[in-house]
Amino acid sequence: ADVKVGLLGGISGPIAAMAPPMIDAAKLAFAQVNEQGGVLGGQKIVTVVGDSACNPQNGVDAASKLVNVEQVTALVGPHCSGPVIAVANSVAAPAGVALITPSGTSPEITGLDDKGTVYRTVPSDDYQGRALARTLVAQGTKNVAVAYLNNDYGSGLAGAFKAEFETQGGKISGYAAHEEGKASYRTNLAELSRGGADTLVIFDYGDGSGLTILRQALENGFFTNFVGGDGMKSDAPIKELGAENLTTFVASSPMGEASSSLDSFNKAFTAAGGSADAIFVANSYDAAFVLALAIEKAGGDKAKVPAAISAVSDGKGEAVAAGEWKKAVELIKAGKEIDYKGAAGDLNFDANGDVPGAYGLFSIDGESFKLQTPMN
Amino acid sequence: MTLLELMNFYVIPGLVLGSIYAVGAVGITLVFGILRFAHLAHGDLATFGAFAALAVVTASGISPWAALPIAMALCALIAIGIDKVFYDYLTDRPKIITVMASLGIALMLRAVIQVIWGVDTETYSRGLVRPENYWGLRLRDREIFTMLAMFAIVGVLWVFLQKTKWGKAMRAMSDNPDLALLSGVDNRRTTMLTWAIVGALCAASGFFLGLNTELKALMGWTMLLPMFAAAILGGVGRVEGAVLGGLVVGVAEELSVLVLPSEYKAAMAFVILLLILLVRPTGLLKGKLL
Amino acid sequence: MTNTSKTTPTLVMKDVRAGYGDADILHDINIKVARREIVSIIGPNGAGKSTAMKAVFGLLNVRGGSITVAGQDMTGWKPNKIVQNGVCYVPQVNNVFREMTVLENLEMGAFLRKGDFTAALDRVFSLFPDLRERRSAMAGSLSGGQRQMVAMGRALMLDPVLLLLDEPTAGLSPKYMEQIFEITRSVRDTDVSILLVEQHAKQALTFSDRAYVLAAGQNRHEGTGEGLLADREVAEMFLGG
Amino acid sequence: MEIPGILIYAMSMAIFMGIYAILALGLNIQWGFTGLFNAGIAGFFAVGAYTSALVTSALSANHLGGLDLPVPVGWAAAMLVAGLVAWPIGKICLRFRSDYLAIATIGVAEIIRLVIKSEGWLTGGARGVTKIPRPLASDNYALSELSYLALVVIVLFCIYLLVEKQLKAPWGRMMRGIRDNELAANAMGKNIERRRLEAFIFGAAIMGLGGAMLAHYYRSITPEAIDPMIATFLVWIMLILGGSGNNRGAILGVVVVWTIWSMSEFVTDQLPEEYAIKAKYMRVFIIGLMLQLVLRFRPEGILPEADQKSAQRRK
Amino acid sequence: MLEVDQLTKSFGGFKAVQSCSLSVKEGTITGLVGPNGAGKTTLFNLIAGAFQPTSGSIHFMGKDVTSLSSDKLFHRGLVRTFQIPHEFHRLTVLENLMLVPENQLGENLLANWLRSGQVRAQEELTRQKAWETLEFLELTHVADERAGNLSGGQKKLLELGRTMMTDAKLVLLDEPAAGVNRTLLRKLEEKIQILNKERGYTFMLIEHDMEMIEKLCDPVICMAEGSVLIAGSFAQVRSDKRVLEAYLGEVVGDAA
Ligand SMILES: Nc1ncnc2c1ncn2[C@@H]1O[C@H](COP(=O)(O)OP(=O)(O)OP(=O)(O)O)[C@@H](O)[C@H]1O
Ligand SMILES: Nc1ncnc2c1ncn2[C@@H]1O[C@H](COP(=O)(O)OP(=O)(O)OP(=O)(O)O)[C@@H](O)[C@H]1O
Ligand SMILES: [Mg+2]
Ligand SMILES: [Mg+2]
């Protein structure tokens, strides 16, 4: 028999552009599993894709279909925080089905009363915002303006960044939220630049309004340096604006200690036709891979999968890197503890299903992002 | 802040944005005024037009401006087709039904766009275009062209509606379709012509939006509300009004960050709209009270 | 059309069955209008008089019978095509373009006319001087009687072969009522056939060549104007004694 | 295990339908009876959802409220506050007609949405409100779905009776009269402004209740739930397809549209795996197409507005 | 009972009613005639509160009602019909009539629930009255038809029927005869007389049908170009030279 896993993503709706690569990355992980012998002694993992459209109504409906009708063993997704919370509350937790979101960054997810079913492979915004703030101050950037997207992702990151940056003695000379989908952000930029900062920090998506902001800032010469969160570490700016125009642009992104994991993912994903710089793809891959490990560990028992997820990546045991499925299976068979070190970080789930995360600051080199400095 | 700064960073962006809104709003106001319903598929048809132009550009390598007429023609045909297949048989029903049908069309068009062109962000030409300096005013070529083209398109349309029999036939049909028939107006052909114009305008507005920013599968849908606001603001059924409304909404949105937190920028169009409607319930230029 | 013989009737409605929804309103109606003839239809409210006129124009479902204009079978034609063939119609209600000016309304009457129509316009304005005065007023703001004039004027902008008038005098002052009858007669004299619905039945019968009485969607009586006027039953039932 | 799963799915579908039916009935009062083109359903929905959320959830540093009151109090508060919010909006906007009103109410709903997103002290901002209690919840998945479904059905039934009785009563007749011809209704002594406001508030309160019920179902409410597509336009599609002016039609419309909305995913899932993502776009296409088909065959709605036939022809 | 003083109404620059003064005595059937576009309907709209006058005043039953809205005037006993029928097109004919009576308990949201027995009883009475009206107007066969589907004349009858559904003091009728079958019209005339004599309704009647004016109205007021030309008995008005010329279109000296 096959093991069914649900991939729940915001395929239609506001993050339509981000969802497909994320789904592809998750599928890549399962493909690797299947190639390397499958789960539970030769069974294949098959995926069923559901569309949460980035709103709770569709999310819960799609999750209900996956869990109740398709009888999936676990869910990877949804992508947006709102549906994550709603699905966790009204489907995953009641049904006791594990849920790993690769991109739900809201702090609210931490404290959900989820009976241990909810995990995420993306760190809560808190960590990244603070790490980025520290790194910038350490690099000598003391005065910045912040433009953030008015959603859970943008406002979460911006809030954390602001608090830490100011504690570190930095000055935020402009701080403003914006709505997505507008054609012009030039006056926003003009307002922000009036504070006198020459660095703009953008917490937005690089293939959405973040790109528009970056473009309009560059074209009109509003700022000289640009810093983005992980959402901005997207191939879209390179593709649309040209690498030659982005020499002063850096973006932070989660990464693991074992950068071999990231390399191996990058290689595999590029080979499969994906863009490794797309937003949240590594997190998505990790979510799928760790889930496969947990299924193996739980022996296919749906009810045991949630607990198994934290067991396979809790910082204890033999390290397993991205793509090393065969090795992991053998270890599990041998009854050894394993510790998955993912492409987007080491994971190491805490009791709430959150990951602490480690970050690096990336700059553009050639046509893709290259690690500039690790952040802490 | 100097006057020049105000112009460069607030007013000019507002006018460019307003011009983009205006082209869309003119189409919306035509459907409103002539066919008497709110065309919710307008934004997605605009997206379709923008992507069609992109397809032409990538396939043949011609300049985006040369692709524009092709996209306009294509969208005109598609608009006529949509009307023939989906809206036409609802003509005699309450207009709200056609509004719902157009919502369905919006979904269908969006799906088609996503299937054909995917969901990635695209541009007509890669790279940056920095503005030129005209006596202190900073303008990019494409911004000048956008504004000029907007006035040209709207001007031609206005003359066409004023000077030809078609304009009158359209108004007659919208006023009293049965009586128009009895006067010898061929309502079918008039409707077709209306859709051809509306489709072409859709393509143009999508194109300008894409030219000045990027092309995204949902770009039209997110622009729909401000465009509607512009159309209503100008007075329903009034082409000049739609242009005025578009410019007002565009400039007001851009200037709003001076007084409001920027997260409320999106609401600006509606605040202006509500205020103006309170004073002039028929819009800036007297529109029809439907 | 011009070469149809003098004896071909301008309008023949033969056994016309028609209705709005599923139910029939008209049950096998027969109406004939010869060349240069004024024919009126009278009958109680809701008898189907207006419906009969709409049936000629295909504005509702014609389910049986045939409609022939000047020898040409026009059953099932589109209204705009029927107009092109020289049939003009003034409906009873909704007979002006409310959001167009008086002048534009009249111009719409000449929509099919090629070339200059100032002469026709002048004629209408001299018939209804009130309209000349209010030429740039929106038709929707006009008084009831003025609208009726606009509607009538609109029909006079073309040179039809057949004119269908649905209660053209309703709401008009006595002065204009007389005038409308006058106009009708003079139009008839320019080789136009006229079919007319009237509630001013006595006046209508007086100057009609022939008349039909409809009741409940059926032909009840027909005859010459004077003949029907003299008929006691008709007088009692339909003319108000 | 197969059969119960499908049953639970059916229950969750039915819960959605029930809640959307409440929204559709609220809209029916405004549009179906009174002819008010309210395109700001999402606004009242949100006000209701957030009100009940703040009233019934536990104290939290992230947002106002946290009164921890019983759920029925929250629902009552949702109706009350939604009605209260509707009052000034109605006062200002109801002077506009048809499409003008539509765009004005869309605007108001957008403003409400932005306030909810941006004023974090009040609503939790983008984080929303979580930990909203769900009434009658139990550890058993099927059982808690079933009991919530029962609750939704009971509330829906009450609302239906309420609205239906109003429609059949002289009140409904008067409202339909105002809808059909304002001038004449005014000349017949009906106070148009007050009556329209009355219907607007009545409908908004019911929409508020719908919002509250959805929030308690998710045990959370975030700004994503008040997207105009899912919270306004979808309800409009349901009402118009079902038959505006007819309460049973409204409910039937909800059932049909939600079924299309939800089940279409199964259809497109039949496509081979490598088209899984395109299949979701196709699904949106199918939804659009199905709408067209329903309109094609039932252009007046599935159950059109019924004429109130005189029961006895002669006494 | 009705005093109109120096009433003026202009639309843009166009004065539809100009310094118009007239009065209507209780218990009369006052006829209002005048050429098309004289401002008769506009005057009705002003009296009934559908338009606000530009200047001038209106007193009804001794009270100033100049700026009162239609619904308030209705409650004071003033009912009007429209020249161009304003039916409730999606309501049935019966409902069109049942909607009219004032102070219906069932129009109150709460009373509907708290006093449903009374509401039902009231409905029964209203229904009965509506049926009687339909019978009189010969419209029973279309009672369940949507009013929008009526013929032109039937709509006018329905318009008239609404005034019979309430106890009015002053009824303004705007061309009730236009488009109505003459046989039925004779009956209507009788009904108006009965209402006038037995129920004490005061009527104000715009008509172009001279037969009807002659039979019913005294006094008759003739308007032209927005103001009153002459008021008096039918014979007086009928023989006035200006009236003959402007309105009746007869060459002076010609006998009727
Ligand atoms: N809303 C309006 N806007 C502009 N002009 C108007 C408006 N209503 C009426 N008028 C003008 O006022 C004049 C008087 O109109 P009114 O309807 O009062 O005439 P009337 O005496 O009732 O005529 P009829 O006998 O034809 O019904 C007309 O010339 C008309 O065009
Ligand atoms: N649009 C419609 N839909 C349904 N029924 C209609 C429609 N129009 C008219 N009817 C019905 O058809 C019948 C005939 O109407 P018609 O308008 O032909 O009457 P008419 O003889 O012209 O009367 P009138 O003298 O009052 O104008 C009436 O009973 C009316 O109720
Ligand atoms: Mg008729
Ligand atoms: Mg009048």
# chains A, B, ... in the order shown; residues from 1 in each chain; ligands from 1
>>> closest_atom_pairs(of="chain C", to="ligand 1", cutoff="6 Å", atoms="only C-alpha atoms and all ligand atoms", output="CSV")
residue,atom,partner,partner_atom_place_in_ligand_line,distance
C:Ser141,CA,ligand 1,2 (C),4.2
C:Leu142,CA,ligand 1,31 (O),3.6
C:Ser143,CA,ligand 1,17 (O),3.4
C:Gly144,CA,ligand 1,27 (O),4.0
C:Gly145,CA,ligand 1,26 (O),3.1
C:Gln146,CA,ligand 1,26 (O),5.2
>>> interface_residues(of="chain B", to="chain C", cutoff="9 Å", atoms="only C-alpha atoms", output="list in words")
Lys165, Lys168, Ala169, Arg171, Ala172, Met173, Asp175, Asn176, Asp178, Leu179, Ala180, Leu181, Leu182, Ser183, Gly184, Val185, Asp186, Asn187 and Lys288 of chain B
>>> atom_distance(atom1="CA of His79 in chain A", atom2="CA of Asp230 in chain A")
14.7 Å
>>> residues_around(residues="Pro168 in chain C", least_positions_apart="4", cutoff="9 Å", atoms="only C-alpha atoms", output="list in words")
Val90, Pro91, Gln92, Gln148, Met149, Ala151, Met152, Leu172, Met177, Ile180, Leu196, Val197 and Glu198 of chain C
>>> interface_residues(of="chain D", to="chain E", cutoff="6 Å", atoms="only C-alpha atoms", output="list in words")
Pro170, Trp171, Gly177, Asp180, Asn181, Ala184, Asn186, Ala187, Met188, Gly189, Lys190, Asn191 and Lys309 of chain D
>>> write_last_selection(atoms="N, CA and C atoms", output="CSV table (one decimal), in the first residue's frame")
chain,number,residue,atom,x,y,z
D,170,PRO,N,-46.6,41.9,6.9
D,170,PRO,CA,-46.7,43.2,6.2
D,170,PRO,C,-45.3,43.9,6.2
D,171,TRP,N,-44.5,43.6,7.1
D,171,TRP,CA,-43.1,44.2,7.1
D,171,TRP,C,-42.4,43.9,5.8
D,177,GLY,N,-42.0,46.5,-1.3
D,177,GLY,CA,-42.6,47.6,-2.0
D,177,GLY,C,-41.5,48.8,-2.1
D,180,ASP,N,-39.2,48.0,-4.8
D,180,ASP,CA,-39.7,48.1,-6.2
D,180,ASP,C,-39.9,49.5,-6.6
D,181,ASN,N,-40.4,50.3,-5.7
D,181,ASN,CA,-40.7,51.7,-6.1
D,181,ASN,C,-40.7,52.6,-4.9
D,184,ALA,N,-43.2,55.7,-4.9
D,184,ALA,CA,-44.6,55.3,-4.6
D,184,ALA,C,-44.7,54.9,-3.1
D,186,ASN,N,-43.0,55.9,-0.7
D,186,ASN,CA,-43.0,57.2,0.1
D,186,ASN,C,-44.4,57.9,0.1
D,187,ALA,N,-44.9,57.9,-1.1
D,187,ALA,CA,-46.2,58.5,-1.2
D,187,ALA,C,-47.3,57.8,-0.5
D,188,MET,N,-47.1,56.5,-0.3
D,188,MET,CA,-48.0,55.7,0.5
D,188,MET,C,-47.7,55.7,2.0
D,189,GLY,N,-46.9,56.7,2.4
D,189,GLY,CA,-46.7,56.9,3.8
D,189,GLY,C,-45.6,56.1,4.4
D,190,LYS,N,-44.8,55.4,3.6
D,190,LYS,CA,-43.7,54.6,4.3
D,190,LYS,C,-42.5,55.5,4.4
D,191,ASN,N,-41.9,55.5,5.6
D,191,ASN,CA,-40.7,56.3,5.8
D,191,ASN,C,-39.5,55.5,5.3
D,309,LYS,N,-49.1,34.6,-3.3
D,309,LYS,CA,-50.5,34.4,-3.8
D,309,LYS,C,-51.5,34.6,-2.7
>>> select_by_dssp(residues="range 37-79 of chain E", states="strand (DSSP E)", output="PyMOL selection string")
chain E and resi 55-60+63-64+78-79
>>> write_last_selection(atoms="N, CA and C atoms", output="short mmCIF file (atom, residue, chain, number, x, y, z; two decimals), in the first residue's frame")
data_model
loop_
_atom_site.label_atom_id
_atom_site.label_comp_id
_atom_site.auth_asym_id
_atom_site.auth_seq_id
_atom_site.Cartn_x
_atom_site.Cartn_y
_atom_site.Cartn_z
N SER E 55 -39.70 78.42 -3.68
CA SER E 55 -40.21 79.42 -2.74
C SER E 55 -41.72 79.27 -2.66
N GLY E 56 -42.31 79.97 -1.69
CA GLY E 56 -43.74 79.87 -1.51
C GLY E 56 -44.09 78.91 -0.40
N SER E 57 -45.38 78.82 -0.10
CA SER E 57 -45.77 77.97 1.02
C SER E 57 -47.03 77.18 0.70
N ILE E 58 -47.20 76.08 1.42
CA ILE E 58 -48.38 75.24 1.29
C ILE E 58 -48.96 75.01 2.68
N HIS E 59 -50.25 75.24 2.80
CA HIS E 59 -50.92 74.94 4.07
C HIS E 59 -51.97 73.88 3.84
N PHE E 60 -51.98 72.90 4.72
CA PHE E 60 -52.96 71.83 4.58
C PHE E 60 -53.68 71.71 5.92
N LYS E 63 -52.37 73.92 8.64
CA LYS E 63 -50.98 73.84 9.11
C LYS E 63 -50.00 73.99 7.95
N ASP E 64 -48.87 74.58 8.25
CA ASP E 64 -47.85 74.73 7.21
C ASP E 64 -47.21 73.37 6.93
N LEU E 78 -53.30 62.90 3.12
CA LEU E 78 -53.18 63.33 1.74
C LEU E 78 -52.66 62.17 0.89
N VAL E 79 -53.44 61.76 -0.08
CA VAL E 79 -53.04 60.65 -0.94
C VAL E 79 -52.97 61.14 -2.36
#
>>> residues_around(residues="range 47-61 of chain A", least_positions_apart="6", cutoff="6 Å", atoms="only C-alpha atoms", output="ChimeraX atom specification")
/A:4-13,80,82-83,86-87 /D:224-225
>>> residues_near_ligand(ligand="ligand 3", cutoff="7 Å", atoms="only C-alpha atoms and all ligand atoms", output="PyMOL selection string")
(chain C and resi 45-46+48-50+92+166) or (chain E and resi 151-153)
>>> select_by_dssp(residues="range 1-247 of chain D", states="helix (DSSP H, G or I)", output="NGL selection string")
:D and (2-33 or 41-56 or 71-93 or 98-118 or 120-123 or 125-127 or 141-168 or 170-180 or 182-187 or 192-218 or 223-226 or 228-242 or 247)
>>> interface_residues(of="chain A", to="chain B", cutoff="7 Å", atoms="only C-alpha atoms", output="list in words")
Ala16, Ala17, Asn150, Ala176, Ala177, His178, Glu179, Gly181, Ala183, Ser184, Arg186, Thr187, Asn188, Ala190, Asp207, Thr212, Glu219, Asn220, Ala236, Glu240, Leu241 and Gly242 of chain A
>>> write_last_selection(atoms="N, CA and C atoms", output="compact mmCIF listing (two decimals), in the first residue's frame")
# COMPACT_ATOMS: atom_id res chain seq x y z
N ALA A 16 -0.30 33.03 -4.48
CA ALA A 16 -0.28 32.05 -5.57
C ALA A 16 1.11 31.89 -6.17
N ALA A 17 1.88 32.99 -6.20
CA ALA A 17 3.19 32.91 -6.85
C ALA A 17 4.18 32.10 -6.02
N ASN A 150 1.76 44.41 5.42
CA ASN A 150 0.83 44.37 6.54
C ASN A 150 0.13 43.02 6.62
N ALA A 176 7.00 51.80 8.39
CA ALA A 176 5.64 51.89 7.84
C ALA A 176 5.21 50.59 7.19
N ALA A 177 3.94 50.29 7.40
CA ALA A 177 3.37 49.10 6.78
C ALA A 177 2.76 49.48 5.44
N HIS A 178 2.61 48.50 4.55
CA HIS A 178 1.92 48.76 3.30
C HIS A 178 1.06 47.56 2.94
N GLU A 179 0.08 47.82 2.09
CA GLU A 179 -0.76 46.74 1.59
C GLU A 179 -0.14 46.17 0.33
N GLY A 181 -0.15 44.54 -3.54
CA GLY A 181 -0.93 44.67 -4.77
C GLY A 181 -1.14 46.09 -5.26
N ALA A 183 0.04 49.57 -7.21
CA ALA A 183 0.92 49.78 -8.36
C ALA A 183 2.07 50.70 -8.02
N SER A 184 1.92 51.49 -6.98
CA SER A 184 2.97 52.45 -6.69
C SER A 184 3.21 52.53 -5.20
N ARG A 186 5.82 54.68 -4.33
CA ARG A 186 6.84 55.70 -4.35
C ARG A 186 6.68 56.71 -3.24
N THR A 187 5.41 57.05 -2.93
CA THR A 187 5.25 58.01 -1.85
C THR A 187 5.58 57.36 -0.51
N ASN A 188 5.30 56.07 -0.37
CA ASN A 188 5.72 55.39 0.85
C ASN A 188 7.22 55.54 1.00
N ALA A 190 9.19 57.75 -0.37
CA ALA A 190 9.57 59.14 -0.13
C ALA A 190 9.41 59.47 1.35
N ASP A 207 8.64 38.30 -4.69
CA ASP A 207 7.92 38.19 -5.96
C ASP A 207 6.56 38.87 -5.86
N THR A 212 8.16 45.28 -6.18
CA THR A 212 7.76 46.61 -6.65
C THR A 212 8.47 47.69 -5.83
N GLU A 219 14.93 52.70 -8.81
CA GLU A 219 14.74 53.57 -9.97
C GLU A 219 14.75 55.04 -9.58
N ASN A 220 14.19 55.32 -8.42
CA ASN A 220 14.09 56.71 -8.04
C ASN A 220 15.17 57.14 -7.06
N ALA A 236 13.13 36.30 -7.99
CA ALA A 236 12.41 37.27 -8.82
C ALA A 236 13.16 38.60 -8.97
N GLU A 240 14.12 39.97 -12.59
CA GLU A 240 13.41 41.12 -13.15
C GLU A 240 14.24 42.41 -13.11
N LEU A 241 15.07 42.57 -12.08
CA LEU A 241 15.80 43.83 -11.97
C LEU A 241 17.22 43.70 -12.49
N GLY A 242 17.73 42.48 -12.54
CA GLY A 242 19.09 42.27 -13.01
C GLY A 242 20.07 42.29 -11.84
>>> residues_near_ligand(ligand="ligand 4", cutoff="9 Å", atoms="only C-alpha atoms and all ligand atoms", output="list in words")
Leu142, Ser143, Gly144, Gly145, Gln146 and Gly171 of chain C; Asn36, Gly37, Ala38, Gly39, Lys40, Thr41, Thr42, Phe44, Phe82, Gln83, Ile84, Asp174, Glu175, Ile206 and Glu207 of chain E
>>> residues_around(residues="Ala211 in chain C", least_positions_apart="4", cutoff="8 Å", atoms="only C-alpha atoms", output="list in words")
Val39, Ser40, Ile41, Ile42, Leu205, Glu222, Gly223, Thr224, Gly225 and Leu228 of chain C
>>> residues_around(residues="Met237 in chain C", least_positions_apart="2", cutoff="12 Å", atoms="only C-alpha atoms", output="list in words")
Ile42, Gly43, Pro44, Ala201, Val213, Leu214, Ala215, Arg220, His221, Leu228, Leu229, Asp231, Arg232, Glu233, Val234, Ala235, Leu239, Gly240 and Gly241 of chain C; Asn181, Arg182, Thr183, Leu184, Leu185 and Arg186 of chain E
>>> interface_residues(of="chain B", to="chain D", cutoff="8 Å", atoms="only C-alpha atoms", output="PyMOL selection string")
chain B and resi 38+86+89-90+93+96-97+100-101+103-112+114-115+228-229+232+263-264+267+270-271+273-274+277-278+281+289-290
>>> closest_residue(among="B:Lys84, B:Asp92, B:Phe37, B:Asp44", to="ligand 2", atoms="only C-alpha atoms and all ligand atoms")
B:Asp92
>>> residues_around(residues="Gly140 in chain A", least_positions_apart="6", cutoff="12 Å", atoms="only C-alpha atoms", output="number ranges by chain")
A: 133-134, 165, 168-171, 199
>>> closest_residue(among="C:Ala216, C:Leu131, C:Ala139, C:Val62", to="ligand 2", atoms="only C-alpha atoms and all ligand atoms")
C:Ala216
